[in-house]
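Asker: Mind having a look at this structure? Questions to follow.
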Amino acid sequence: MDITPIHRRVVGLDVHQSKITACALIEQPDGSVAVEHREFGGFKRDRRALAEWVRGFDPEVVVMESTGIYWKSPYAALERVGVMAWVVNARHARNVPGRKTDLSDAQWLATLARAGLLRASFIPPAEIRHLRLIARQRQKLVGMLAAEKNRLHKVLTDAGIRLNVLVSDVHGASARAMIKALLADAPCTQSSTSPAACGLPAKNCSKPCNRRN
């Protein structure tokens, strides 16, 4: 299949866990296309070298597949040197017919991008990505906290301890004081005129209470 080129300088990146394969397609003044392949490792210094190598071509388009989470670090390295890459859906690249068997994944991506046959996914700016990570982490922590509260309530209910009958908030200060007293196997005592240290009314305490009037 003959593909009509749109862009003159394109770089395709095939991102793996431990390496990144790059292919640059550079159109020469006489109309010929120079193809240059290079392979980089998966460490931070390798990503910096990749970013500098790509920037040296002054590419119009840099394209990579959204392979799991592996695309994020090369994308950030390119972003730091002022190169905005396209992150495309791998399914879109596979569904384009006419691929030759001797072409590498990176070269095929570059060929499709050169012809304008790929559509970039939306990637928010770095500041928005950082805020999104913080929001997701907070949401995860809130969910973990709610799960632990529910687990505590279930354990107390299984043990026949109905704190929700005595207090409106099972996780409030009074309820926590009761739970601490239960864990310490301590009797309900009061050394001042404040509410009982265990938080339980005398009629609901199974242990003898030493309360001051």
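Chain identifiers are assigned as A, B, and so on, following the order in which chains appear in the structure tokens; residues are numbered from 1 within each chain, and ligands are numbered from 1 in order of appearance.
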Can you tell me which residues surround Leu163 in chain A at a distance of at most 10 Å, considering only C-alpha atoms, apart from same-chain residues fewer than 6 positions away, and format the answer as a ChimeraX atom specification?
Answerer: /A:153,156-157,169-171,174-176,178-179,200
Asker: Give me the residues near range 70-77 of chain A as a list in words, where near means some atom within 9 Å (using only C-alpha atoms) and where sequence neighbours in that chain fewer than 4 positions away do not count.
Answerer: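 After dropping sequence-adjacent residues, the list is Val15, His16, Gln17, Ile20, Lys44, Arg47, Arg48, Leu50, Ala51, Met64, Glu65, Ser66, Val81, Val83, Met84, Ala85, Trp86, Val87 and Ala126 of chain A.
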Asker: For His7 in chain A, please output as a list of chain:residue names all residues within 8 Å (counting only C-alpha atoms; exclusion window: fewer than 4 positions along the same chain).
Answerer: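 Everything that qualifies: A:Glu60, A:Val61, A:Ala113, A:Arg114, A:Ala115, A:Gly116.
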Asker: Would you export the selected residues with N, CA and C atoms as a JSON list (two decimals), in the first residue's frame, please?
Answerer:
[["chain", "number", "residue", "atom", "x", "y", "z"],
["A", 60, "GLU", "N", 8.75, 16.82, 13.49],
["A", 60, "GLU", "CA", 7.40, 17.38, 13.48],
["A", 60, "GLU", "C", 6.46, 16.53, 14.34],
["A", 61, "VAL", "N", 6.69, 15.24, 14.33],
["A", 61, "VAL", "CA", 5.84, 14.32, 15.09],
["A", 61, "VAL", "C", 6.72, 13.27, 15.74],
["A", 113, "ALA", "N", 2.47, 7.65, 11.28],
["A", 113, "ALA", "CA", 2.41, 9.05, 11.72],
["A", 113, "ALA", "C", 2.82, 9.99, 10.60],
["A", 114, "ARG", "N", 3.78, 9.59, 9.78],
["A", 114, "ARG", "CA", 4.23, 10.42, 8.65],
["A", 114, "ARG", "C", 3.11, 10.64, 7.65],
["A", 115, "ALA", "N", 2.23, 9.65, 7.53],
["A", 115, "ALA", "CA", 1.10, 9.77, 6.61],
["A", 115, "ALA", "C", -0.15, 10.34, 7.28],
["A", 116, "GLY", "N", -0.07, 10.67, 8.55],
["A", 116, "GLY", "CA", -1.22, 11.25, 9.24],
["A", 116, "GLY", "C", -2.33, 10.25, 9.52]]
Asker: Near Val35 in chain A, counting only C-alpha atoms, which residues have an atom at most 12 Å away, once you skip same-chain residues fewer than 5 positions from it, shown as a list of chain:residue names?
Answerer: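 Those residues are A:Arg8, A:Arg9, A:Val10, A:Val11, A:Gly12, A:Ala22, A:Cys23, A:Ala24, A:Leu25, A:Ile26, A:Glu27, A:Gln28, A:Phe57, A:Leu103, A:Ser104, A:Ala106, A:Gln107, A:Trp108, A:Ala110, A:Thr111.
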Asker: Rounded to one decimal place, report the CA of Ala90 in chain A-CA of Leu112 in chain A distance in Å.
Answerer: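 Value for the CA of Ala90 in chain A-CA of Leu112 in chain A distance: 12.0 Å.
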Asker: If you measure from CA of Thr21 in chain A to CA of Arg38 in chain A, what distance in Å do you get, rounded to one decimal?
Answerer: 6.1 Å
Asker: Under the rule that only C-alpha atoms are counted, which of A:Pro124, A:Leu182, A:Ile134, A:Ala93 is the nearest residue to Ile161 in chain A?
Answerer: A:Leu182
Asker: If you run DSSP over the backbone, which residues in range 27-202 of chain A end up strand (DSSP E)? Put them as a list in words.
Answerer: Glu27, Val33, Ala34, Val35, Glu36, His37, Arg38, Glu39, Phe40, Gly41, Val61, Val62, Val63, Met64, Glu65, Trp86, Val87 and Val88 of chain A
Asker: Store the residues picked out above, limited to N, CA and C atoms, as a CSV table (one decimal), in the first residue's frame.
Answerer:
chain,number,residue,atom,x,y,z
A,27,GLU,N,12.9,13.1,5.7
A,27,GLU,CA,12.9,13.3,4.3
A,27,GLU,C,14.0,14.2,3.9
A,33,VAL,N,14.1,9.2,1.7
A,33,VAL,CA,13.8,9.2,3.1
A,33,VAL,C,14.9,8.4,3.8
A,34,ALA,N,15.6,9.1,4.7
A,34,ALA,CA,16.6,8.5,5.5
A,34,ALA,C,16.0,7.8,6.7
A,35,VAL,N,16.4,6.6,6.9
A,35,VAL,CA,15.9,5.8,8.1
A,35,VAL,C,17.0,5.5,9.0
A,36,GLU,N,16.8,5.9,10.3
A,36,GLU,CA,17.8,5.7,11.3
A,36,GLU,C,17.2,5.0,12.5
A,37,HIS,N,17.8,3.9,12.9
A,37,HIS,CA,17.3,3.1,14.1
A,37,HIS,C,18.3,3.3,15.2
A,38,ARG,N,17.7,3.3,16.4
A,38,ARG,CA,18.6,3.3,17.6
A,38,ARG,C,17.8,2.7,18.8
A,39,GLU,N,18.6,2.1,19.7
A,39,GLU,CA,18.0,1.4,20.8
A,39,GLU,C,18.5,2.0,22.1
A,40,PHE,N,17.6,2.2,23.1
A,40,PHE,CA,18.0,2.8,24.3
A,40,PHE,C,17.5,1.9,25.5
A,41,GLY,N,18.2,2.0,26.6
A,41,GLY,CA,17.9,1.2,27.8
A,41,GLY,C,16.7,1.8,28.5
A,61,VAL,N,6.7,15.2,14.3
A,61,VAL,CA,5.8,14.3,15.1
A,61,VAL,C,6.7,13.3,15.7
A,62,VAL,N,6.5,13.0,17.0
A,62,VAL,CA,7.1,11.9,17.7
A,62,VAL,C,5.9,11.0,18.3
A,63,VAL,N,5.9,9.8,17.9
A,63,VAL,CA,4.7,8.9,18.3
A,63,VAL,C,5.2,7.7,19.0
A,64,MET,N,4.3,7.3,20.0
A,64,MET,CA,4.6,6.1,20.7
A,64,MET,C,3.2,5.5,21.1
A,65,GLU,N,3.2,4.2,21.4
A,65,GLU,CA,1.9,3.5,21.8
A,65,GLU,C,1.8,3.7,23.3
A,86,TRP,N,3.2,12.2,20.6
A,86,TRP,CA,1.8,11.6,20.4
A,86,TRP,C,1.8,10.3,21.1
A,87,VAL,N,0.8,10.1,21.9
A,87,VAL,CA,0.5,8.8,22.5
A,87,VAL,C,-0.7,8.2,21.9
A,88,VAL,N,-0.6,7.1,21.2
A,88,VAL,CA,-1.7,6.6,20.4
A,88,VAL,C,-2.1,5.3,20.9
Asker: Which residues in range 80-195 of chain A does DSSP call helix (DSSP H, G or I)? List them as number ranges by chain.
Answerer: A: 80, 90-94, 105-114, 126-158, 163-166, 173-184
Asker: For Ile6 in chain A, which residue out of A:Leu118, A:Val155, A:His130, A:Arg138 is the nearest one, using only C-alpha atoms?
Answerer: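 Among the listed residues, the smallest separation from Ile6 in chain A belongs to A:Leu118.
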Asker: How far is it from CA of Pro59 in chain A to CA of Gly82 in chain A, in Å with one decimal?
Answerer: 11.1 Å
